file start.txt (compact mmCIF, C-alpha atoms)
# COMPACT_ATOMS: atom_id res chain seq x y z
CA MET A 224 0.00 0.00 0.00
CA THR A 225 1.44 3.35 -1.03
CA PRO A 226 1.56 6.26 1.45
CA GLU A 227 -1.08 8.02 -0.66
CA ASP A 228 -3.41 5.02 -0.57
CA PHE A 229 -2.92 4.66 3.17
CA GLN A 230 -3.88 8.29 3.65
CA VAL A 231 -7.06 7.79 1.61
CA MET A 232 -8.11 4.86 3.79
CA ALA A 233 -7.04 6.47 7.07
CA THR A 234 -9.04 9.61 6.23
CA LEU A 235 -12.10 7.52 5.36
CA VAL A 236 -11.93 5.63 8.66
CA ARG A 237 -11.36 8.82 10.66
CA ASP A 238 -14.21 10.70 9.05
CA ARG A 239 -16.66 7.81 9.47
CA SER A 240 -15.69 6.52 12.93
CA GLY A 241 -13.28 8.94 14.62
CA LEU A 242 -10.57 6.27 14.71
CA VAL A 243 -7.15 7.80 14.04
CA LEU A 244 -4.69 5.49 12.27
CA GLY A 245 -1.01 6.41 12.37
CA GLU A 246 1.30 5.24 9.61
CA ASP A 247 2.58 2.54 11.96
CA LYS A 248 -0.87 0.94 11.64
CA ALA A 249 -0.54 0.28 7.90
CA TYR A 250 -0.03 -3.43 8.61
CA LEU A 251 -3.26 -3.54 10.64
CA LEU A 252 -5.16 -1.76 7.91
CA GLU A 253 -3.93 -4.19 5.25
CA SER A 254 -4.66 -7.30 7.32
CA ARG A 255 -8.22 -6.22 8.13
CA LEU A 256 -8.97 -5.14 4.57
CA ALA A 257 -7.95 -8.48 3.02
CA PRO A 258 -11.23 -10.25 3.99
CA ILE A 259 -13.24 -7.25 2.77
CA THR A 260 -11.47 -7.44 -0.58
CA ARG A 261 -12.47 -11.10 -0.95
CA LYS A 262 -16.02 -10.50 0.28
CA HIS A 263 -16.67 -7.93 -2.45
CA GLY A 264 -15.12 -10.03 -5.20
CA LEU A 265 -12.19 -7.70 -5.75
CA ASN A 266 -8.86 -9.01 -6.98
CA SER A 267 -6.51 -6.91 -4.88
CA LEU A 268 -6.15 -4.24 -2.26
CA GLU A 269 -5.50 -1.79 -5.08
CA ASP A 270 -8.90 -2.63 -6.58
CA LEU A 271 -10.55 -2.05 -3.20
CA ILE A 272 -8.91 1.35 -2.82
CA ALA A 273 -9.96 2.28 -6.35
CA ALA A 274 -13.55 1.33 -5.48
CA VAL A 275 -13.40 3.50 -2.37
CA LYS A 276 -12.10 6.45 -4.37
CA SER A 277 -15.01 6.10 -6.78
CA ALA A 278 -17.33 6.43 -3.76
CA LYS A 279 -19.97 4.33 -5.48
CA GLU A 280 -20.17 1.35 -3.12
CA GLN A 281 -21.50 2.52 0.25
CA GLY A 282 -21.80 -1.08 1.40
CA LEU A 283 -18.08 -1.52 0.83
CA ILE A 284 -17.28 1.62 2.77
CA ALA A 285 -19.48 0.48 5.67
CA ASP A 286 -17.69 -2.89 5.72
CA ILE A 287 -14.30 -1.18 5.81
CA VAL A 288 -15.24 1.05 8.74
CA GLU A 289 -16.70 -1.90 10.63
CA ALA A 290 -13.59 -4.00 10.02
CA MET A 291 -11.36 -1.28 11.44
CA THR A 292 -13.44 -0.69 14.56
CA THR A 293 -11.80 -2.25 17.61
CA ASN A 294 -14.19 -4.78 19.12
CA GLU A 295 -12.50 -5.79 22.36
CA SER A 296 -14.63 -6.36 25.43
CA LEU A 297 -15.06 -8.63 28.42
CA PHE A 298 -17.37 -9.00 31.39
CA PHE A 299 -16.69 -6.68 34.35
CA ARG A 300 -13.72 -5.22 32.48
CA ASP A 301 -11.16 -3.63 34.84
CA THR A 302 -13.39 -4.43 37.88
CA LYS A 303 -12.95 -0.99 39.50
CA PRO A 304 -15.72 0.81 37.55
CA PHE A 305 -18.24 -1.82 38.61
CA ASP A 306 -17.17 -1.56 42.25
CA GLN A 307 -17.68 2.21 41.96
CA LEU A 308 -21.15 1.68 40.52
CA LYS A 309 -22.14 -0.71 43.29
CA ASP A 310 -20.61 1.13 46.24
CA LEU A 311 -20.74 4.79 45.22
CA VAL A 312 -22.77 5.75 42.15
CA PHE A 313 -25.85 3.56 42.61
CA PRO A 314 -26.33 4.48 46.31
CA GLN A 315 -26.13 8.19 45.45
CA LEU A 316 -28.65 7.85 42.61
CA LEU A 317 -31.03 5.74 44.69
CA LYS A 318 -31.26 8.66 47.10
CA ALA A 319 -31.33 11.42 44.47
CA ARG A 320 -33.97 9.69 42.29
CA ALA A 321 -36.20 8.43 45.10
CA ALA A 322 -39.10 10.57 43.88
CA THR A 323 -39.10 9.31 40.29
CA ARG A 324 -37.51 5.87 40.85
CA GLN A 325 -36.01 6.07 37.37
CA ILE A 326 -32.39 5.75 36.22
CA ARG A 327 -31.05 5.76 32.66
CA ILE A 328 -27.65 4.34 31.77
CA TRP A 329 -25.80 4.58 28.46
CA SER A 330 -23.10 2.08 27.51
CA ALA A 331 -21.44 3.76 24.52
CA ALA A 332 -19.39 1.67 22.08
CA CYS A 333 -20.67 -1.46 23.83
CA SER A 334 -19.07 -3.88 21.33
CA SER A 335 -20.45 -7.41 21.88
CA GLY A 336 -22.46 -6.43 24.97
CA GLN A 337 -20.40 -7.58 27.94
CA GLU A 338 -20.39 -4.14 29.59
CA PRO A 339 -24.17 -3.48 29.61
CA TYR A 340 -24.89 -7.07 30.65
CA SER A 341 -22.40 -6.71 33.50
CA ILE A 342 -24.31 -3.62 34.66
CA ALA A 343 -27.59 -5.53 34.42
CA MET A 344 -26.12 -8.27 36.63
CA LEU A 345 -25.06 -5.68 39.20
CA ILE A 346 -28.62 -4.37 39.34
CA LYS A 347 -30.06 -7.87 39.65
CA GLU A 348 -27.60 -8.70 42.41
CA ALA A 349 -28.62 -5.56 44.32
CA GLY A 350 -32.01 -7.21 44.83
CA ALA A 351 -34.49 -5.23 46.91
CA ALA A 352 -32.56 -1.96 46.50
CA PHE A 353 -33.94 -1.60 42.97
CA SER A 354 -37.36 -3.12 43.62
CA GLY A 355 -40.01 -0.97 41.96
CA TRP A 356 -37.42 1.02 40.00
CA ASN A 357 -37.32 1.57 36.25
CA VAL A 358 -33.67 1.21 35.24
CA GLU A 359 -33.11 1.58 31.51
CA ILE A 360 -29.80 0.46 30.02
CA VAL A 361 -29.17 1.73 26.48
CA ALA A 362 -26.20 0.15 24.70
CA THR A 363 -24.91 1.47 21.38
CA ASP A 364 -22.20 0.62 18.90
CA LEU A 365 -21.13 1.57 15.38
CA SER A 366 -20.81 -2.06 14.34
CA ALA A 367 -23.98 -3.81 13.15
CA GLU A 368 -22.22 -7.16 13.50
CA MET A 369 -21.36 -6.53 17.15
CA LEU A 370 -24.89 -5.33 17.94
CA THR A 371 -26.34 -8.51 16.45
CA LYS A 372 -24.04 -10.61 18.60
CA ALA A 373 -24.82 -8.54 21.70
CA GLN A 374 -28.57 -8.85 21.19
CA SER A 375 -28.29 -12.63 20.88
CA GLY A 376 -26.71 -12.83 24.35
CA ILE A 377 -24.72 -15.91 23.29
CA TYR A 378 -21.05 -16.18 24.22
CA SER A 379 -18.27 -18.73 23.84
CA GLN A 380 -16.58 -20.55 26.69
CA PHE A 381 -13.57 -18.28 26.21
CA GLU A 382 -15.70 -15.14 26.44
CA VAL A 383 -17.51 -16.12 29.64
CA GLN A 384 -14.20 -17.05 31.26
CA ARG A 385 -12.93 -13.50 30.83
CA GLY A 386 -13.93 -11.51 33.91
CA LEU A 387 -17.21 -13.27 34.72
CA PRO A 388 -17.34 -14.81 38.22
CA ILE A 389 -18.40 -18.47 38.14
CA THR A 390 -21.28 -17.74 40.53
CA LEU A 391 -22.79 -15.25 38.05
CA LEU A 392 -22.14 -17.55 35.11
CA VAL A 393 -24.12 -20.33 36.74
CA LYS A 394 -26.85 -17.95 37.90
CA TYR A 395 -27.46 -15.97 34.72
CA PHE A 396 -26.35 -18.20 31.83
CA LYS A 397 -27.54 -21.47 30.31
CA GLN A 398 -25.01 -23.74 28.64
CA ASP A 399 -25.67 -25.15 25.18
CA GLY A 400 -22.70 -27.21 23.98
CA ASP A 401 -19.68 -24.91 23.87
CA LYS A 402 -21.88 -21.79 24.02
CA TRP A 403 -23.47 -19.91 26.93
CA GLU A 404 -26.74 -18.01 26.55
CA ILE A 405 -27.58 -15.18 28.90
CA ASP A 406 -30.85 -15.25 30.86
CA ALA A 407 -33.79 -13.79 28.91
CA GLY A 408 -34.80 -11.58 31.82
CA LEU A 409 -31.33 -10.08 31.98
CA ARG A 410 -31.23 -9.64 28.21
CA SER A 411 -34.52 -7.74 28.32
CA MET A 412 -32.94 -5.13 30.63
CA VAL A 413 -30.70 -3.85 27.81
CA SER A 414 -31.82 -1.99 24.69
CA PHE A 415 -29.27 -2.16 21.85
CA ARG A 416 -29.16 0.54 19.18
CA PRO A 417 -26.80 1.55 16.36
CA PHE A 418 -25.03 4.83 17.06
CA ASN A 419 -21.88 6.61 15.88
CA LEU A 420 -20.12 8.68 18.55
CA LEU A 421 -19.39 11.32 15.91
CA ASP A 422 -23.12 12.08 15.81
CA ASP A 423 -25.21 14.11 18.26
CA PRO A 424 -26.61 11.78 20.96
CA LYS A 425 -29.63 13.94 21.78
CA SER A 426 -31.92 11.41 20.10
CA LEU A 427 -30.95 8.87 22.78
CA GLY A 428 -32.44 10.99 25.57
CA ARG A 429 -31.02 12.07 28.92
CA PHE A 430 -28.81 9.88 31.10
CA ASP A 431 -27.77 9.58 34.72
CA ILE A 432 -24.74 7.41 33.96
CA VAL A 433 -22.67 7.26 30.77
CA LEU A 434 -19.91 4.73 30.16
CA CYS A 435 -17.64 5.65 27.26
CA ARG A 436 -14.62 3.56 28.15
CA ASN A 437 -11.54 2.77 26.08
CA VAL A 438 -12.93 4.53 23.01
CA LEU A 439 -11.60 8.09 23.06
CA ILE A 440 -8.05 6.80 23.26
CA TYR A 441 -8.33 6.19 19.50
CA PHE A 442 -9.56 9.73 18.73
CA ASP A 443 -7.58 12.94 18.23
CA GLN A 444 -7.89 15.79 20.74
CA ASP A 445 -10.48 17.76 18.79
CA MET A 446 -12.75 14.73 18.35
CA LYS A 447 -12.38 13.82 22.02
CA ARG A 448 -13.48 17.33 22.96
CA GLN A 449 -16.49 17.20 20.65
CA VAL A 450 -17.64 13.82 21.93
CA LEU A 451 -17.27 14.79 25.59
CA ASN A 452 -19.05 18.11 25.11
CA ARG A 453 -21.96 16.40 23.36
CA ILE A 454 -22.17 13.82 26.15
CA SER A 455 -22.34 16.63 28.73
CA ASN A 456 -25.41 18.01 26.94
CA ILE A 457 -27.42 14.83 27.56
CA MET A 458 -26.35 14.13 31.14
CA ALA A 459 -28.15 14.93 34.35
CA GLU A 460 -26.31 17.60 36.33
CA ASP A 461 -25.42 15.09 39.02
CA GLY A 462 -24.73 12.32 36.52
CA SER A 463 -21.57 10.23 36.33
CA LEU A 464 -19.27 9.63 33.36
CA TYR A 465 -16.91 6.70 33.06
CA LEU A 466 -13.82 6.77 30.85
CA GLY A 467 -11.11 4.14 30.44
CA GLY A 468 -8.14 4.01 32.80
CA ALA A 469 -5.83 5.52 30.16
CA GLU A 470 -8.27 8.31 29.27
CA THR A 471 -8.90 11.70 30.87
CA VAL A 472 -10.84 14.93 30.45
CA LEU A 473 -7.93 17.05 31.68
CA GLY A 474 -6.68 19.43 29.03
CA ILE A 475 -9.55 18.43 26.75
CA THR A 476 -12.78 19.84 28.18
CA GLU A 477 -14.02 21.69 31.25
CA LYS A 478 -17.45 20.09 31.02
CA PHE A 479 -16.35 17.31 33.39
CA GLN A 480 -13.97 16.98 36.30
CA PRO A 481 -12.51 13.93 38.04
CA VAL A 482 -14.18 12.56 41.16
CA PRO A 483 -11.45 12.74 43.82
CA GLY A 484 -9.96 9.36 44.62
CA GLN A 485 -12.00 7.58 41.92
CA ARG A 486 -9.92 6.93 38.82
CA GLY A 487 -11.86 6.92 35.58
CA LEU A 488 -14.98 8.49 37.13
CA TYR A 489 -16.06 12.05 36.26
CA GLN A 490 -18.91 14.43 37.00
CA MET A 491 -20.08 17.83 35.88
CA PRO A 492 -18.45 20.87 37.61
CA SER A 493 -19.16 21.53 41.28
CA SER A 494 -22.32 23.55 40.56
CA ALA A 495 -24.12 20.22 40.34
CA PRO A 496 -26.76 19.73 43.05
CA ALA A 497 -25.27 16.47 44.30
CA ARG A 498 -21.66 15.33 44.30
CA LEU A 499 -20.05 11.97 44.72
CA SER A 500 -17.47 11.61 47.45
CA ALA A 501 -15.02 8.81 48.04

call {"tool": "encode", "arguments": {"input": "start.txt", "output": "structure tokens"}}
result
Amino acid sequence: MTPEDFQVMATLVRDRSGLVLGEDKAYLLESRLAPITRKHGLNSLEDLIAAVKSAKEQGLIADIVEAMTTNESLFFRDTKPFDQLKDLVFPQLLKARAATRQIRIWSAACSSGQEPYSIAMLIKEAGAAFSGWNVEIVATDLSAEMLTKAQSGIYSQFEVQRGLPITLLVKYFKQDGDKWEIDAGLRSMVSFRPFNLLDDPKSLGRFDIVLCRNVLIYFDQDMKRQVLNRISNIMAEDGSLYLGGAETVLGITEKFQPVPGQRGLYQMPSSAPARLSA
């Protein structure tokens, strides 16, 4: 792939998904495009790039963007955010929303669904604390393939072994050969929808908790700022934002600030009516 061709593809991926590909990722681009080339009956990578330049095959372009989207996820990933939800964020919201008994949660870039299902398990495990509450979990992703997998609630032995405690596996999954299917009641707690983080999320409604973890690390500074600012527009004033452990709002936006002593957890500035405390 020539430097010019790489730039064409990198620009396409950035404009459609926000993912920034440095020149050191040329090998990754080529390896992920090879199956797309075969799928569309093209003879070479050069033919694929020529088809992209002609801008006639939108299906091809969608397949390219989907192939380049990182789809890495596991149950209760990093552990700490889920401990924060259980011990800090949920108790605060249960008090603050006692009048309405409603909580909305957004799992952005949910990949194959492990994150929103992990949240659903936390709520189920809380038992009586959420009795009579309407907790809506909205999970979105750019990839149609990942959303289909997430909605099915079916995972391999390898996938359920990654981060999922055996007690929860036995309690909320049914084994079928080498596959595990999540409980229908748990699956019904999550609503999956297609969504691109480069778009305005206002159509999704207002949220009390937003998880946008391990996504912005792939974006440039300007795109990070735009995404975070748009998220702030749809969050409750006392809402909580989760980012990945390697991500931050510092130097990017003033719409959020870190919760002291709680890595990866952010809230709106101190004018908010209720604040989390460690």

call {"tool": "residues_around", "arguments": {"input": "start.txt", "residues": "A:Arg436", "least_positions_apart": "5", "cutoff": "7 Å", "atoms": "all atoms listed in the file", "output": "CSV table (one decimal) with C-alpha atoms, in the frame of the given file"}}
result
chain,number,residue,atom,x,y,z
A,465,TYR,CA,-16.9,6.7,33.1
A,466,LEU,CA,-13.8,6.8,30.8
A,467,GLY,CA,-11.1,4.1,30.4

call {"tool": "residues_near_point", "arguments": {"input": "start.txt", "point": "(-14.6, 9.9, 14.5)", "cutoff": "9 Å", "atoms": "all atoms listed in the file", "output": "ChimeraX atom specification"}}
result
/A:236-243,419-422,441-443,446-447,450

call {"tool": "closest_residue", "arguments": {"input": "start.txt", "among": "A:Glu359, A:Gly487, A:Leu391, A:Asp445", "to": "A:Ser330", "atoms": "only C-alpha atoms"}}
result
A:Glu359

call {"tool": "closest_residue", "arguments": {"input": "start.txt", "among": "A:Ala285, A:Ala290, A:Met224, A:Leu451", "to": "A:Leu256", "atoms": "only C-alpha atoms"}}
result
A:Ala290

call {"tool": "closest_residue", "arguments": {"input": "start.txt", "among": "A:Asp286, A:Ile328, A:Pro481, A:Gly408", "to": "A:Leu235", "atoms": "all atoms listed in the file"}}
result
A:Asp286

call {"tool": "closest_residue", "arguments": {"input": "start.txt", "among": "A:Arg453, A:Lys347, A:Lys276, A:Lys309", "to": "A:Val231", "atoms": "all atoms listed in the file"}}
result
A:Lys276

call {"tool": "atom_distance", "arguments": {"input": "start.txt", "atom1": "atom CA of A:Ser334", "atom2": "atom CA of A:Asn294"}}
result
5.4 Å

call {"tool": "residues_around", "arguments": {"input": "start.txt", "residues": "stretch 257-266 of chain A", "least_positions_apart": "2", "cutoff": "10 Å", "atoms": "only C-alpha atoms", "output": "number ranges by chain"}}
result
A: 252-255, 268-272, 274, 280, 282-284, 286-287, 290

call {"tool": "closest_residue", "arguments": {"input": "start.txt", "among": "A:Ser335, A:Val393, A:Met412, A:Leu244", "to": "A:Ile377", "atoms": "all atoms listed in the file"}}
result
A:Ser335

call {"tool": "closest_residue", "arguments": {"input": "start.txt", "among": "A:Pro417, A:Pro424, A:Gly468, A:Gly484", "to": "A:Thr371", "atoms": "all atoms listed in the file"}}
result
A:Pro417

call {"tool": "atom_distance", "arguments": {"input": "start.txt", "atom1": "atom CA of A:Ile389", "atom2": "atom CA of A:Ala349"}}
result
17.6 Å

call {"tool": "atom_distance", "arguments": {"input": "start.txt", "atom1": "atom CA of A:Gln380", "atom2": "atom CA of A:Gly400"}}
result
9.4 Å

call {"tool": "residues_around", "arguments": {"input": "start.txt", "residues": "A:Asp431", "least_positions_apart": "4", "cutoff": "10 Å", "atoms": "only C-alpha atoms", "output": "ChimeraX atom specification"}}
result
/A:312,316,320,325-329,457-464

call {"tool": "residues_around", "arguments": {"input": "start.txt", "residues": "stretch 372-375 of chain A", "least_positions_apart": "3", "cutoff": "8 Å", "atoms": "only C-alpha atoms", "output": "ChimeraX atom specification"}}
result
/A:334-337,368-369,404,410,415

call {"tool": "residues_around", "arguments": {"input": "start.txt", "residues": "A:Ala407", "least_positions_apart": "6", "cutoff": "12 Å", "atoms": "all atoms listed in the file", "output": "list in words"}}
result
Tyr340, Ala343, Gln374, Ser375, Gly376, Ile377, Tyr395, Phe396, Lys397 and Val413 of chain A

call {"tool": "decode", "arguments": {"input": "start.txt", "residues": "stretch 363-381 of chain A", "atoms": "N, CA and C atoms", "output": "PDB file, in the first residue's frame"}}
result
ATOM      1  N   THR A 363     -25.056   1.111  22.790  1.00  0.00           N
ATOM      2  CA  THR A 363     -24.907   1.468  21.379  1.00  0.00           C
ATOM      3  C   THR A 363     -23.537   1.077  20.851  1.00  0.00           C
ATOM      4  N   ASP A 364     -23.486   0.895  19.544  1.00  0.00           N
ATOM      5  CA  ASP A 364     -22.204   0.625  18.897  1.00  0.00           C
ATOM      6  C   ASP A 364     -22.323   0.988  17.413  1.00  0.00           C
ATOM      7  N   LEU A 365     -21.183   1.265  16.808  1.00  0.00           N
ATOM      8  CA  LEU A 365     -21.135   1.574  15.382  1.00  0.00           C
ATOM      9  C   LEU A 365     -21.293   0.312  14.541  1.00  0.00           C
ATOM     10  N   SER A 366     -20.852  -0.823  15.095  1.00  0.00           N
ATOM     11  CA  SER A 366     -20.807  -2.064  14.338  1.00  0.00           C
ATOM     12  C   SER A 366     -22.125  -2.832  14.389  1.00  0.00           C
ATOM     13  N   ALA A 367     -22.740  -3.027  13.225  1.00  0.00           N
ATOM     14  CA  ALA A 367     -23.979  -3.805  13.149  1.00  0.00           C
ATOM     15  C   ALA A 367     -23.724  -5.253  13.536  1.00  0.00           C
ATOM     16  N   GLU A 368     -22.565  -5.772  13.173  1.00  0.00           N
ATOM     17  CA  GLU A 368     -22.223  -7.156  13.503  1.00  0.00           C
ATOM     18  C   GLU A 368     -22.135  -7.360  15.009  1.00  0.00           C
ATOM     19  N   MET A 369     -21.498  -6.408  15.698  1.00  0.00           N
ATOM     20  CA  MET A 369     -21.362  -6.527  17.145  1.00  0.00           C
ATOM     21  C   MET A 369     -22.716  -6.383  17.844  1.00  0.00           C
ATOM     22  N   LEU A 370     -23.562  -5.502  17.338  1.00  0.00           N
ATOM     23  CA  LEU A 370     -24.887  -5.331  17.942  1.00  0.00           C
ATOM     24  C   LEU A 370     -25.729  -6.597  17.797  1.00  0.00           C
ATOM     25  N   THR A 371     -25.617  -7.252  16.656  1.00  0.00           N
ATOM     26  CA  THR A 371     -26.343  -8.511  16.455  1.00  0.00           C
ATOM     27  C   THR A 371     -25.882  -9.561  17.445  1.00  0.00           C
ATOM     28  N   LYS A 372     -24.585  -9.656  17.637  1.00  0.00           N
ATOM     29  CA  LYS A 372     -24.037 -10.612  18.603  1.00  0.00           C
ATOM     30  C   LYS A 372     -24.491 -10.264  20.030  1.00  0.00           C
ATOM     31  N   ALA A 373     -24.427  -8.975  20.363  1.00  0.00           N
ATOM     32  CA  ALA A 373     -24.821  -8.542  21.700  1.00  0.00           C
ATOM     33  C   ALA A 373     -26.284  -8.860  21.983  1.00  0.00           C
ATOM     34  N   GLN A 374     -27.143  -8.598  21.019  1.00  0.00           N
ATOM     35  CA  GLN A 374     -28.567  -8.852  21.192  1.00  0.00           C
ATOM     36  C   GLN A 374     -28.870 -10.337  21.367  1.00  0.00           C
ATOM     37  N   SER A 375     -28.067 -11.184  20.751  1.00  0.00           N
ATOM     38  CA  SER A 375     -28.285 -12.626  20.885  1.00  0.00           C
ATOM     39  C   SER A 375     -27.995 -13.108  22.305  1.00  0.00           C
ATOM     40  N   GLY A 376     -27.061 -12.430  22.992  1.00  0.00           N
ATOM     41  CA  GLY A 376     -26.705 -12.830  24.349  1.00  0.00           C
ATOM     42  C   GLY A 376     -26.008 -14.174  24.419  1.00  0.00           C
ATOM     43  N   ILE A 377     -25.395 -14.605  23.337  1.00  0.00           N
ATOM     44  CA  ILE A 377     -24.716 -15.905  23.288  1.00  0.00           C
ATOM     45  C   ILE A 377     -23.201 -15.684  23.210  1.00  0.00           C
ATOM     46  N   TYR A 378     -22.487 -16.358  24.109  1.00  0.00           N
ATOM     47  CA  TYR A 378     -21.047 -16.179  24.216  1.00  0.00           C
ATOM     48  C   TYR A 378     -20.328 -17.521  24.261  1.00  0.00           C
ATOM     49  N   SER A 379     -19.076 -17.512  23.831  1.00  0.00           N
ATOM     50  CA  SER A 379     -18.266 -18.728  23.839  1.00  0.00           C
ATOM     51  C   SER A 379     -17.729 -18.998  25.243  1.00  0.00           C
ATOM     52  N   GLN A 380     -17.196 -20.197  25.414  1.00  0.00           N
ATOM     53  CA  GLN A 380     -16.579 -20.550  26.691  1.00  0.00           C
ATOM     54  C   GLN A 380     -15.453 -19.579  27.023  1.00  0.00           C
ATOM     55  N   PHE A 381     -14.665 -19.222  26.014  1.00  0.00           N
ATOM     56  CA  PHE A 381     -13.568 -18.278  26.208  1.00  0.00           C
ATOM     57  C   PHE A 381     -14.082 -16.931  26.689  1.00  0.00           C
TER      58      PHE A 381
END
